[in-house]
Amino acid sequence: MAFLEIKNMSKSFGKVEVLKGINISLERGQVLSIIGSSGSGKTTLLRCLNNLEEADGGEVWIDGQKRELGDGTTFGLVFQSFNLFPQYTAVENLSLAPRLRAKEKNKKLKLGREELRREYAEIEQKAEELLRSVGLADKKDFYPCQLSGGQQQRVSIARALMMNPDILFFDEPTSALDPEITGEVLKVIKGLAAQNMTMVIITHEMNFARDVSDKIVFMDKGIIAAEGTPEEIFTSDNARLHEFLSAFQLSKNN
Amino acid sequence: MQFFEITLKLLEGLKTTTLIFVLTLVMALPLGLIISFGSMSKFKPLAFVTKVFVWIIRGVPLMLQIFVVFYVPGFFGIGSLDRFPSVIVAFVINYACYFSEIYRGGIESIPRGQYEAGQVLGMKKSEVFFKVVLMQVVKRILPSMSNEVITLVKDTALARVIMVVELLKVAENYAAYGLIWPIFYTAVFYLAYVGILTLLFGYFEKKLSYYKI
């Protein structure tokens with residue numbers, strides 16, 4: 001059994017069937033890209049996997065264990081619109097949630113103030129390391145409004161990594177960025193791929209998907225219309241996929 | 001000499017005015033938050049009842065509400081409140097309803113992504129609200145709150161309708177002796193009061209300007 005198994009996932013909004021039985025499997029350390037036009041169900045799939053929507057049917061298995069609804073702690077999700085907390089600095093964005101958990105644990109086990117301070121220091125150190133790893137060590141005390149879009153997205157990637165996620169999900173991480181700064185975000189994601197982080201990425205960056213992915217899934221109208229290695233996808237003779245990819249080619253050339 | 005004496009008397013009236021102002025704020029600010037939760041509740045009957053209540057309170061003059069609180073319990077023989085507590089009860093309920101709508105607007109204006117980001121980071125709903133959302137709401141509603149609070153300063157003058165002697169009533173009492181100018185003199189006190197509040201709110205807004213929403 002693969003590391004991540006999505007079995008027959010379905011979801012409807014009212015009468016609209018957005019996901020019609022999605023099956024995906026992914027090995028540990030692999031990168032899966034999901035491509036497809038707007039409204040094909042990509043984002044809904046990601047939201048269901050992260051418990052932001054409740055799937056109507058289907059199962060998610062991680063490392064041979066069935067994932068129950070509501071235990072949303074082992075996944076990381078990077079949003080299209082970053083969703084950093086504006087009133088906190090970069091490093092505080094990273095440390096907020098872990099600090100809350102540390103405090104809760106400390107209270108429960110009555111470990112005392114000294115221990116809590118030590119744990120806070122550890123969290124702080126980890127946060128700074130992660131910011132350094134995305135190239136933002138010097139921006140740790142900046143507020144989101146003082147950072148560029150690309151920098152904000154890198155902070156949000158670091159924030160997701162704070163949780164030591166088994167799998168990191170990206171929902172169009174560069175769609176809100178102007179073309180000149182998408183590169184810096186993509187570079188960070190490529191760096192993670194090189195470190196064998198298991199990732200699922202929704203993207204419209206075809207070249208990036210080709211470079212970074214072990215596997216690409218093409219979604220169309222709530223189903224997986226094609227899947228395979230980048231090689232297979234970009235040379236596929238699937239008519240719908242061909243149409244989608246050539247539309248991209250066209251917009252590039254214009 | 002007379003001017004000095006009257007100033008002292010007016011300051012005494014200002015004490016009552018301030019008491020109404022402070023007590024109303026201290027109680028209406030949290031109560032408003034509770035009411036806003038009611039009107040945003042997913043439990044429809046509660047949301048409906050809350051909205052009707054807010055409509056009634058906002059739809060009827062505050063002066064009338066003061067009369068109702070002071071006189072109506074007596075009609076039903078369920079005892080009655082003294083003058084000053086009646087004023088406080090009416091003011092707190094009235095202002096809590098206005099505040100609740102300001103809170104609601106602020107809370108609903110915070111993008112869903114903020115809640116979702118908190119959720120995927122494993123934060124509890126209450127943590128997301130108090131650690132992430134609330135500060136942003138405060139920043140966003142500060143200008144409307146300053147408006148309401150300034151209005152409250154001047155609304156305190158309504159307390160005189162059930163003979164609670166606040167600033168304006170003190171001045172008015174001199175009119176019975178043929179002294180009109182104290183009434184106009186009260187404007188100085190109100191202006192100073194509101195001036196200080198304006199500076200205070202300006203200071204808060206500046207304090208929160210280090211981030212943008």
# chains A, B, ... in the order shown; residues from 1 in each chain; ligands from 1
>>> closest_atom_pairs(of="chain B", to="chain A", cutoff="6 Å", atoms="only C-alpha atoms", output="CSV")
residue,atom,partner,partner_atom,distance
B:Gly113,CA,A:Asn83,CA,5.6
B:Gln114,CA,A:Asn83,CA,5.7
B:Gly122,CA,A:Thr73,CA,5.5
B:Tyr211,CA,A:Gln87,CA,5.6
B:Lys212,CA,A:Cys145,CA,6.0
B:Ile213,CA,A:Pro86,CA,6.0
>>> write_last_selection(atoms="N, CA and C atoms", output="CSV table (one decimal), in the first residue's frame")
chain,number,residue,atom,x,y,z
B,113,GLY,N,-10.1,32.8,5.2
B,113,GLY,CA,-8.8,32.2,5.2
B,113,GLY,C,-8.1,32.3,6.5
B,114,GLN,N,-8.4,33.3,7.3
B,114,GLN,CA,-7.7,33.4,8.6
B,114,GLN,C,-8.2,32.3,9.5
B,122,GLY,N,-3.8,23.4,13.4
B,122,GLY,CA,-4.2,22.7,14.6
B,122,GLY,C,-4.7,23.5,15.8
B,211,TYR,N,0.3,47.1,11.6
B,211,TYR,CA,-0.1,46.0,10.6
B,211,TYR,C,-1.3,46.5,9.8
B,212,LYS,N,-1.4,45.8,8.7
B,212,LYS,CA,-2.5,46.1,7.8
B,212,LYS,C,-3.3,44.8,7.7
B,213,ILE,N,-4.6,44.9,7.5
B,213,ILE,CA,-5.4,43.7,7.4
B,213,ILE,C,-5.7,43.5,5.9
>>> residues_around(residues="region 27-39 of chain B", least_positions_apart="5", cutoff="9 Å", atoms="only C-alpha atoms", output="VMD selection string")
chain B and resid 22 44 46 to 51 54 91 to 104
>>> residues_around(residues="region 207-213 of chain A", least_positions_apart="5", cutoff="7 Å", atoms="only C-alpha atoms", output="number ranges by chain")
A: 31-33, 190, 230
>>> write_last_selection(atoms="all heavy atoms", output="mmCIF file, in the first residue's frame")
data_model
loop_
_atom_site.group_PDB
_atom_site.id
_atom_site.type_symbol
_atom_site.label_atom_id
_atom_site.label_comp_id
_atom_site.auth_asym_id
_atom_site.auth_seq_id
_atom_site.Cartn_x
_atom_site.Cartn_y
_atom_site.Cartn_z
ATOM 1 N N VAL A 31 6.348 13.694 -5.140
ATOM 2 C CA VAL A 31 5.600 14.935 -5.372
ATOM 3 C C VAL A 31 4.540 14.673 -6.426
ATOM 4 O O VAL A 31 4.830 14.168 -7.504
ATOM 5 C CB VAL A 31 6.533 16.062 -5.862
ATOM 6 C CG1 VAL A 31 5.726 17.320 -6.166
ATOM 7 C CG2 VAL A 31 7.605 16.350 -4.821
ATOM 8 N N LEU A 32 3.310 15.022 -6.051
ATOM 9 C CA LEU A 32 2.193 14.876 -6.977
ATOM 10 C C LEU A 32 1.690 16.269 -7.348
ATOM 11 O O LEU A 32 1.435 17.100 -6.472
ATOM 12 C CB LEU A 32 1.055 14.098 -6.301
ATOM 13 C CG LEU A 32 -0.299 14.117 -7.008
ATOM 14 C CD1 LEU A 32 -0.272 13.206 -8.228
ATOM 15 C CD2 LEU A 32 -1.416 13.688 -6.065
ATOM 16 N N SER A 33 1.568 16.521 -8.636
ATOM 17 C CA SER A 33 0.951 17.781 -9.057
ATOM 18 C C SER A 33 -0.438 17.494 -9.592
ATOM 19 O O SER A 33 -0.650 16.490 -10.283
ATOM 20 C CB SER A 33 1.777 18.461 -10.142
ATOM 21 O OG SER A 33 2.976 18.944 -9.583
ATOM 22 N N LYS A 190 10.896 23.381 -4.761
ATOM 23 C CA LYS A 190 11.845 22.435 -5.355
ATOM 24 C C LYS A 190 12.855 21.957 -4.317
ATOM 25 O O LYS A 190 13.225 20.786 -4.284
ATOM 26 C CB LYS A 190 12.596 23.086 -6.521
ATOM 27 C CG LYS A 190 11.816 23.031 -7.815
ATOM 28 C CD LYS A 190 12.621 23.655 -8.948
ATOM 29 C CE LYS A 190 11.756 23.807 -10.189
ATOM 30 N NZ LYS A 190 12.364 24.726 -11.171
ATOM 31 N N PRO A 230 5.296 12.907 -15.487
ATOM 32 C CA PRO A 230 5.264 14.115 -16.307
ATOM 33 C C PRO A 230 5.436 13.772 -17.793
ATOM 34 O O PRO A 230 4.721 14.312 -18.643
ATOM 35 C CB PRO A 230 6.443 14.922 -15.774
ATOM 36 C CG PRO A 230 6.601 14.494 -14.378
ATOM 37 C CD PRO A 230 6.209 13.046 -14.347
#
>>> residues_around(residues="Leu19 (chain B)", least_positions_apart="5", cutoff="12 Å", atoms="only C-alpha atoms", output="list of chain:residue names")
B:Glu12, B:Gly13, B:Leu14, B:Thr24, B:Leu25, B:Val26, B:Phe84, B:Pro85, B:Val87, B:Ile88, B:Phe91, B:Leu152, B:Val153, B:Thr156, B:Ala159, B:Val164, B:Val165, B:Glu166, B:Leu167
>>> write_last_selection(atoms="N, CA and C atoms", output="mmCIF file, in the first residue's frame")
data_model
loop_
_atom_site.group_PDB
_atom_site.id
_atom_site.type_symbol
_atom_site.label_atom_id
_atom_site.label_comp_id
_atom_site.auth_asym_id
_atom_site.auth_seq_id
_atom_site.Cartn_x
_atom_site.Cartn_y
_atom_site.Cartn_z
ATOM 1 N N GLU B 12 -19.750 68.686 39.391
ATOM 2 C CA GLU B 12 -20.441 67.633 40.122
ATOM 3 C C GLU B 12 -21.399 66.879 39.205
ATOM 4 N N GLY B 13 -22.079 67.659 38.364
ATOM 5 C CA GLY B 13 -22.959 67.039 37.374
ATOM 6 C C GLY B 13 -22.157 66.168 36.421
ATOM 7 N N LEU B 14 -20.967 66.657 36.107
ATOM 8 C CA LEU B 14 -20.103 65.904 35.195
ATOM 9 C C LEU B 14 -19.715 64.556 35.794
ATOM 10 N N THR B 24 -21.833 52.338 31.539
ATOM 11 C CA THR B 24 -22.421 51.845 30.294
ATOM 12 C C THR B 24 -21.373 51.129 29.459
ATOM 13 N N LEU B 25 -20.218 51.751 29.309
ATOM 14 C CA LEU B 25 -19.170 51.129 28.490
ATOM 15 C C LEU B 25 -18.715 49.799 29.074
ATOM 16 N N VAL B 26 -18.450 49.799 30.385
ATOM 17 C CA VAL B 26 -17.913 48.593 31.019
ATOM 18 C C VAL B 26 -18.850 47.402 30.821
ATOM 19 N N PHE B 84 -31.312 56.165 39.039
ATOM 20 C CA PHE B 84 -29.992 55.974 38.425
ATOM 21 C C PHE B 84 -29.796 54.575 37.833
ATOM 22 N N PRO B 85 -30.111 53.499 38.590
ATOM 23 C CA PRO B 85 -29.989 52.161 37.994
ATOM 24 C C PRO B 85 -30.850 52.002 36.737
ATOM 25 N N VAL B 87 -31.506 54.245 34.502
ATOM 26 C CA VAL B 87 -30.747 54.861 33.413
ATOM 27 C C VAL B 87 -29.654 53.910 32.934
ATOM 28 N N ILE B 88 -28.937 53.324 33.892
ATOM 29 C CA ILE B 88 -27.836 52.429 33.515
ATOM 30 C C ILE B 88 -28.349 51.224 32.730
ATOM 31 N N PHE B 91 -29.355 52.315 29.221
ATOM 32 C CA PHE B 91 -28.170 52.648 28.413
ATOM 33 C C PHE B 91 -27.377 51.398 28.022
ATOM 34 N N LEU B 152 -22.286 58.414 22.920
ATOM 35 C CA LEU B 152 -22.688 58.072 24.286
ATOM 36 C C LEU B 152 -22.468 59.248 25.242
ATOM 37 N N VAL B 153 -21.370 59.959 25.083
ATOM 38 C CA VAL B 153 -21.081 61.106 25.949
ATOM 39 C C VAL B 153 -22.275 62.067 25.959
ATOM 40 N N THR B 156 -25.788 60.839 27.443
ATOM 41 C CA THR B 156 -25.956 60.823 28.904
ATOM 42 C C THR B 156 -26.915 61.925 29.355
ATOM 43 N N ALA B 159 -30.500 61.268 30.633
ATOM 44 C CA ALA B 159 -30.817 60.767 31.970
ATOM 45 C C ALA B 159 -31.733 61.744 32.720
ATOM 46 N N VAL B 164 -32.516 62.315 36.776
ATOM 47 C CA VAL B 164 -31.148 62.030 37.202
ATOM 48 C C VAL B 164 -30.338 63.276 36.855
ATOM 49 N N VAL B 165 -29.729 63.849 37.876
ATOM 50 C CA VAL B 165 -29.110 65.160 37.683
ATOM 51 C C VAL B 165 -27.687 65.014 37.168
ATOM 52 N N GLU B 166 -27.567 65.071 35.860
ATOM 53 C CA GLU B 166 -26.239 65.034 35.241
ATOM 54 C C GLU B 166 -25.878 66.451 34.804
ATOM 55 N N LEU B 167 -24.819 66.570 34.070
ATOM 56 C CA LEU B 167 -24.277 67.884 33.710
ATOM 57 C C LEU B 167 -25.320 68.879 33.189
#
>>> residues_around(residues="Phe67 (chain B)", least_positions_apart="6", cutoff="12 Å", atoms="only C-alpha atoms", output="CSV table (one decimal) with all heavy atoms, in the first residue's frame")
chain,number,residue,atom,x,y,z
B,60,VAL,N,-36.4,52.1,18.7
B,60,VAL,CA,-37.2,53.0,19.6
B,60,VAL,C,-36.2,54.0,20.3
B,60,VAL,O,-35.1,53.6,20.6
B,60,VAL,CB,-37.8,52.0,20.7
B,60,VAL,CG1,-38.5,52.8,21.8
B,60,VAL,CG2,-38.8,51.1,20.1
B,61,PRO,N,-36.7,55.2,20.5
B,61,PRO,CA,-35.8,56.2,21.1
B,61,PRO,C,-35.3,55.8,22.4
B,61,PRO,O,-36.0,55.2,23.2
B,61,PRO,CB,-36.7,57.4,21.2
B,61,PRO,CG,-37.8,57.3,20.3
B,61,PRO,CD,-38.0,55.8,20.1
B,73,PRO,N,-41.9,48.2,35.0
B,73,PRO,CA,-41.9,47.2,36.0
B,73,PRO,C,-42.9,47.5,37.2
B,73,PRO,O,-43.6,46.6,37.7
B,73,PRO,CB,-40.5,47.2,36.6
B,73,PRO,CG,-39.7,47.7,35.5
B,73,PRO,CD,-40.5,48.7,34.8
B,74,GLY,N,-43.1,48.7,37.5
B,74,GLY,CA,-44.0,49.1,38.5
B,74,GLY,C,-45.4,48.8,38.2
B,74,GLY,O,-46.2,48.4,39.0
B,80,SER,N,-39.6,48.1,41.4
B,80,SER,CA,-39.1,49.0,40.4
B,80,SER,C,-37.7,49.4,40.8
B,80,SER,O,-37.3,49.3,42.0
B,80,SER,CB,-40.0,50.3,40.3
B,80,SER,OG,-40.0,50.9,41.5
B,81,LEU,N,-36.9,49.9,39.8
B,81,LEU,CA,-35.5,50.3,40.0
B,81,LEU,C,-35.5,51.8,40.4
B,81,LEU,O,-36.4,52.5,40.1
B,81,LEU,CB,-34.7,50.1,38.7
B,81,LEU,CG,-34.4,48.7,38.4
B,81,LEU,CD1,-33.8,48.6,37.0
B,81,LEU,CD2,-33.4,48.1,39.4
B,82,ASP,N,-34.5,52.2,41.1
B,82,ASP,CA,-34.3,53.6,41.3
B,82,ASP,C,-34.0,54.3,40.0
B,82,ASP,O,-33.8,53.7,39.0
B,82,ASP,CB,-33.1,53.8,42.3
B,82,ASP,CG,-33.6,53.6,43.8
B,82,ASP,OD1,-34.9,53.6,44.0
B,82,ASP,OD2,-32.8,53.4,44.7
B,83,ARG,N,-33.9,55.6,40.1
B,83,ARG,CA,-33.7,56.4,38.9
B,83,ARG,C,-32.4,56.1,38.3
B,83,ARG,O,-32.3,55.8,37.1
B,83,ARG,CB,-33.8,57.9,39.2
B,83,ARG,CG,-35.1,58.3,39.6
B,83,ARG,CD,-35.2,59.7,40.2
B,83,ARG,NE,-36.5,59.9,40.9
B,83,ARG,CZ,-37.6,60.1,40.2
B,83,ARG,NH1,-37.6,60.3,38.9
B,83,ARG,NH2,-38.8,60.3,40.9
B,84,PHE,N,-31.3,56.2,39.0
B,84,PHE,CA,-30.0,56.0,38.4
B,84,PHE,C,-29.8,54.6,37.8
B,84,PHE,O,-29.4,54.5,36.7
B,84,PHE,CB,-28.9,56.3,39.4
B,84,PHE,CG,-27.5,56.3,38.8
B,84,PHE,CD1,-27.1,57.4,38.0
B,84,PHE,CD2,-26.7,55.2,39.0
B,84,PHE,CE1,-25.8,57.4,37.4
B,84,PHE,CE2,-25.4,55.2,38.4
B,84,PHE,CZ,-25.0,56.3,37.6
B,86,SER,N,-32.0,52.6,36.7
B,86,SER,CA,-32.9,52.5,35.5
B,86,SER,C,-32.1,53.1,34.3
B,86,SER,O,-32.2,52.5,33.2
B,86,SER,CB,-34.2,53.3,35.7
B,86,SER,OG,-34.9,52.8,36.8
B,87,VAL,N,-31.5,54.2,34.5
B,87,VAL,CA,-30.7,54.9,33.4
B,87,VAL,C,-29.7,53.9,32.9
B,87,VAL,O,-29.5,53.7,31.7
B,87,VAL,CB,-30.1,56.2,33.9
B,87,VAL,CG1,-29.1,56.7,32.9
B,87,VAL,CG2,-31.2,57.3,34.0
B,89,VAL,N,-29.4,50.6,33.2
B,89,VAL,CA,-30.0,49.4,32.5
B,89,VAL,C,-30.4,49.8,31.1
B,89,VAL,O,-30.0,49.1,30.1
B,89,VAL,CB,-31.2,48.9,33.3
B,89,VAL,CG1,-32.0,47.9,32.4
B,89,VAL,CG2,-30.8,48.2,34.6
B,90,ALA,N,-31.1,50.9,30.9
B,90,ALA,CA,-31.5,51.3,29.6
B,90,ALA,C,-30.3,51.6,28.7
B,90,ALA,O,-30.3,51.2,27.5
B,90,ALA,CB,-32.4,52.6,29.7
B,91,PHE,N,-29.4,52.3,29.2
B,91,PHE,CA,-28.2,52.6,28.4
B,91,PHE,C,-27.4,51.4,28.0
B,91,PHE,O,-26.9,51.3,26.9
B,91,PHE,CB,-27.2,53.6,29.2
B,91,PHE,CG,-27.5,55.1,28.9
B,91,PHE,CD1,-28.7,55.7,29.5
B,91,PHE,CD2,-26.7,55.8,28.1
B,91,PHE,CE1,-28.9,57.0,29.2
B,91,PHE,CE2,-27.0,57.2,27.8
B,91,PHE,CZ,-28.1,57.7,28.4
B,158,LEU,N,-29.7,62.5,28.3
B,158,LEU,CA,-31.1,62.0,28.4
B,158,LEU,C,-31.5,61.5,29.8
B,158,LEU,O,-32.7,61.4,30.1
B,158,LEU,CB,-31.2,60.8,27.4
B,158,LEU,CG,-31.2,61.1,25.9
B,158,LEU,CD1,-31.1,59.9,25.1
B,158,LEU,CD2,-32.5,61.9,25.6
B,159,ALA,N,-30.5,61.3,30.6
B,159,ALA,CA,-30.8,60.8,32.0
B,159,ALA,C,-31.7,61.7,32.7
B,159,ALA,O,-32.5,61.4,33.6
B,159,ALA,CB,-29.5,60.5,32.8
B,160,ARG,N,-31.7,63.0,32.3
B,160,ARG,CA,-32.5,64.0,33.1
B,160,ARG,C,-34.0,63.8,32.9
B,160,ARG,O,-34.8,64.3,33.7
B,160,ARG,CB,-32.1,65.4,32.6
B,160,ARG,CG,-32.2,65.6,31.1
B,160,ARG,CD,-31.6,67.0,30.8
B,160,ARG,NE,-32.7,67.9,30.5
B,160,ARG,CZ,-33.5,67.9,29.4
B,160,ARG,NH1,-33.3,66.9,28.5
B,160,ARG,NH2,-34.5,68.7,29.2
B,161,VAL,N,-34.4,63.0,31.9
B,161,VAL,CA,-35.8,62.8,31.7
B,161,VAL,C,-36.5,62.1,32.9
B,161,VAL,O,-37.7,62.2,33.1
B,161,VAL,CB,-36.2,62.1,30.4
B,161,VAL,CG1,-35.7,62.9,29.2
B,161,VAL,CG2,-35.7,60.6,30.4
B,162,ILE,N,-35.7,61.3,33.6
B,162,ILE,CA,-36.3,60.8,34.9
B,162,ILE,C,-35.5,61.4,36.1
B,162,ILE,O,-35.3,60.7,37.1
B,162,ILE,CB,-36.3,59.2,34.9
B,162,ILE,CG1,-34.8,58.7,34.6
B,162,ILE,CG2,-37.3,58.6,33.9
B,162,ILE,CD1,-34.7,57.2,34.9
B,163,MET,N,-35.2,62.6,35.9
B,163,MET,CA,-34.6,63.4,37.0
B,163,MET,C,-33.3,62.9,37.6
B,163,MET,O,-33.1,63.1,38.8
B,163,MET,CB,-35.6,63.5,38.2
B,163,MET,CG,-36.9,64.3,37.8
B,163,MET,SD,-36.5,65.9,37.3
B,163,MET,CE,-38.0,66.3,36.3
>>> closest_residue(among="B:Met63, B:Ala192, B:Met40, B:Leu208", to="Ile150 (chain B)", atoms="only C-alpha atoms")
B:Ala192
>>> select_by_dssp(residues="region 98-221 of chain A", states="helix (DSSP H, G or I)", output="PyMOL selection string")
chain A and resi 98-109+113-133+137-139+144-146+149-161+179-194+206-212
>>> closest_residue(among="A:Lys221, A:Lys66, A:Arg99, A:Lys15", to="Glu122 (chain A)", atoms="only C-alpha atoms")
A:Arg99
>>> closest_residue(among="A:Ala137, A:Leu116, A:Ile157, A:Leu245", to="Ile189 (chain A)", atoms="only C-alpha atoms")
A:Ile157
>>> residues_around(residues="Asp63 (chain A)", least_positions_apart="5", cutoff="9 Å", atoms="only C-alpha atoms", output="ChimeraX atom specification")
/A:1-5,28
>>> write_last_selection(atoms="N, CA and C atoms", output="mmCIF file, in the first residue's frame")
data_model
loop_
_atom_site.group_PDB
_atom_site.id
_atom_site.type_symbol
_atom_site.label_atom_id
_atom_site.label_comp_id
_atom_site.auth_asym_id
_atom_site.auth_seq_id
_atom_site.Cartn_x
_atom_site.Cartn_y
_atom_site.Cartn_z
ATOM 1 N N MET A 1 0.832 -1.204 0.000
ATOM 2 C CA MET A 1 0.000 0.000 0.000
ATOM 3 C C MET A 1 0.868 1.256 0.000
ATOM 4 N N ALA A 2 0.434 2.209 -0.774
ATOM 5 C CA ALA A 2 1.223 3.451 -0.886
ATOM 6 C C ALA A 2 1.122 4.279 0.391
ATOM 7 N N PHE A 3 1.987 5.271 0.541
ATOM 8 C CA PHE A 3 2.012 6.131 1.725
ATOM 9 C C PHE A 3 0.699 6.894 1.872
ATOM 10 N N LEU A 4 0.261 7.511 0.777
ATOM 11 C CA LEU A 4 -1.034 8.205 0.785
ATOM 12 C C LEU A 4 -1.963 7.504 -0.193
ATOM 13 N N GLU A 5 -3.118 7.105 0.344
ATOM 14 C CA GLU A 5 -4.121 6.480 -0.516
ATOM 15 C C GLU A 5 -5.432 7.232 -0.365
ATOM 16 N N ARG A 28 5.794 7.715 -0.281
ATOM 17 C CA ARG A 28 6.480 8.661 0.607
ATOM 18 C C ARG A 28 7.638 9.340 -0.145
#
>>> select_by_dssp(residues="region 132-192 of chain A", states="strand (DSSP E)", output="ChimeraX atom specification")
/A:167-171
>>> residues_around(residues="Glu172 (chain B)", least_positions_apart="3", cutoff="12 Å", atoms="only C-alpha atoms", output="JSON, numbers by chain")
{"B": [6, 9, 10, 13, 157, 160, 163, 165, 166, 167, 168, 169, 175, 176, 177, 178, 179, 180, 181, 182, 183, 184, 185, 186]}
>>> write_last_selection(atoms="N, CA and C atoms", output="PDB file, in the first residue's frame")
ATOM      1  N   ILE B   6     -20.560  78.045  40.084  1.00  0.00           N
ATOM      2  CA  ILE B   6     -21.353  77.296  39.103  1.00  0.00           C
ATOM      3  C   ILE B   6     -20.486  76.246  38.406  1.00  0.00           C
ATOM      4  N   LYS B   9     -20.366  73.301  40.601  1.00  0.00           N
ATOM      5  CA  LYS B   9     -21.624  72.546  40.552  1.00  0.00           C
ATOM      6  C   LYS B   9     -21.721  71.725  39.273  1.00  0.00           C
ATOM      7  N   LEU B  10     -21.308  72.364  38.177  1.00  0.00           N
ATOM      8  CA  LEU B  10     -21.357  71.644  36.895  1.00  0.00           C
ATOM      9  C   LEU B  10     -20.404  70.450  36.910  1.00  0.00           C
ATOM     10  N   GLY B  13     -22.079  67.659  38.364  1.00  0.00           N
ATOM     11  CA  GLY B  13     -22.959  67.039  37.374  1.00  0.00           C
ATOM     12  C   GLY B  13     -22.157  66.168  36.421  1.00  0.00           C
ATOM     13  N   ALA B 157     -27.021  62.978  28.536  1.00  0.00           N
ATOM     14  CA  ALA B 157     -27.927  64.090  28.865  1.00  0.00           C
ATOM     15  C   ALA B 157     -29.379  63.634  28.932  1.00  0.00           C
ATOM     16  N   ARG B 160     -31.668  63.013  32.338  1.00  0.00           N
ATOM     17  CA  ARG B 160     -32.465  64.001  33.051  1.00  0.00           C
ATOM     18  C   ARG B 160     -33.968  63.797  32.886  1.00  0.00           C
ATOM     19  N   MET B 163     -35.157  62.643  35.914  1.00  0.00           N
ATOM     20  CA  MET B 163     -34.619  63.438  37.027  1.00  0.00           C
ATOM     21  C   MET B 163     -33.316  62.906  37.606  1.00  0.00           C
ATOM     22  N   VAL B 165     -29.729  63.849  37.876  1.00  0.00           N
ATOM     23  CA  VAL B 165     -29.110  65.160  37.683  1.00  0.00           C
ATOM     24  C   VAL B 165     -27.687  65.014  37.168  1.00  0.00           C
ATOM     25  N   GLU B 166     -27.567  65.071  35.860  1.00  0.00           N
ATOM     26  CA  GLU B 166     -26.239  65.034  35.241  1.00  0.00           C
ATOM     27  C   GLU B 166     -25.878  66.451  34.804  1.00  0.00           C
ATOM     28  N   LEU B 167     -24.819  66.570  34.070  1.00  0.00           N
ATOM     29  CA  LEU B 167     -24.277  67.884  33.710  1.00  0.00           C
ATOM     30  C   LEU B 167     -25.320  68.879  33.189  1.00  0.00           C
ATOM     31  N   LEU B 168     -26.064  68.473  32.187  1.00  0.00           N
ATOM     32  CA  LEU B 168     -27.003  69.414  31.567  1.00  0.00           C
ATOM     33  C   LEU B 168     -28.137  69.784  32.505  1.00  0.00           C
ATOM     34  N   LYS B 169     -28.543  68.805  33.329  1.00  0.00           N
ATOM     35  CA  LYS B 169     -29.642  69.064  34.264  1.00  0.00           C
ATOM     36  C   LYS B 169     -29.211  70.090  35.327  1.00  0.00           C
ATOM     37  N   ALA B 175     -31.568  77.791  35.211  1.00  0.00           N
ATOM     38  CA  ALA B 175     -32.483  78.576  34.388  1.00  0.00           C
ATOM     39  C   ALA B 175     -33.715  78.988  35.177  1.00  0.00           C
ATOM     40  N   ALA B 176     -34.102  78.153  36.142  1.00  0.00           N
ATOM     41  CA  ALA B 176     -35.260  78.474  36.985  1.00  0.00           C
ATOM     42  C   ALA B 176     -35.015  79.755  37.783  1.00  0.00           C
ATOM     43  N   TYR B 177     -33.730  80.040  38.035  1.00  0.00           N
ATOM     44  CA  TYR B 177     -33.389  81.283  38.745  1.00  0.00           C
ATOM     45  C   TYR B 177     -33.037  82.402  37.776  1.00  0.00           C
ATOM     46  N   GLY B 178     -33.344  82.202  36.517  1.00  0.00           N
ATOM     47  CA  GLY B 178     -33.093  83.247  35.527  1.00  0.00           C
ATOM     48  C   GLY B 178     -31.690  83.274  34.987  1.00  0.00           C
ATOM     49  N   LEU B 179     -30.905  82.198  35.290  1.00  0.00           N
ATOM     50  CA  LEU B 179     -29.534  82.142  34.767  1.00  0.00           C
ATOM     51  C   LEU B 179     -29.490  81.200  33.562  1.00  0.00           C
ATOM     52  N   ILE B 180     -29.333  81.783  32.394  1.00  0.00           N
ATOM     53  CA  ILE B 180     -29.368  80.963  31.179  1.00  0.00           C
ATOM     54  C   ILE B 180     -27.974  80.473  30.772  1.00  0.00           C
ATOM     55  N   TRP B 181     -26.967  81.332  31.022  1.00  0.00           N
ATOM     56  CA  TRP B 181     -25.634  81.012  30.463  1.00  0.00           C
ATOM     57  C   TRP B 181     -25.028  79.678  30.889  1.00  0.00           C
ATOM     58  N   PRO B 182     -25.319  79.156  32.097  1.00  0.00           N
ATOM     59  CA  PRO B 182     -24.724  77.839  32.420  1.00  0.00           C
ATOM     60  C   PRO B 182     -25.077  76.762  31.408  1.00  0.00           C
ATOM     61  N   ILE B 183     -26.277  76.846  30.830  1.00  0.00           N
ATOM     62  CA  ILE B 183     -26.663  75.836  29.827  1.00  0.00           C
ATOM     63  C   ILE B 183     -25.681  75.847  28.661  1.00  0.00           C
ATOM     64  N   PHE B 184     -25.358  77.061  28.220  1.00  0.00           N
ATOM     65  CA  PHE B 184     -24.414  77.148  27.087  1.00  0.00           C
ATOM     66  C   PHE B 184     -23.000  76.779  27.517  1.00  0.00           C
ATOM     67  N   TYR B 185     -22.712  77.088  28.749  1.00  0.00           N
ATOM     68  CA  TYR B 185     -21.392  76.792  29.312  1.00  0.00           C
ATOM     69  C   TYR B 185     -21.089  75.286  29.299  1.00  0.00           C
ATOM     70  N   THR B 186     -22.143  74.453  29.409  1.00  0.00           N
ATOM     71  CA  THR B 186     -21.923  72.989  29.429  1.00  0.00           C
ATOM     72  C   THR B 186     -21.221  72.511  28.162  1.00  0.00           C
TER      73      THR B 186
END
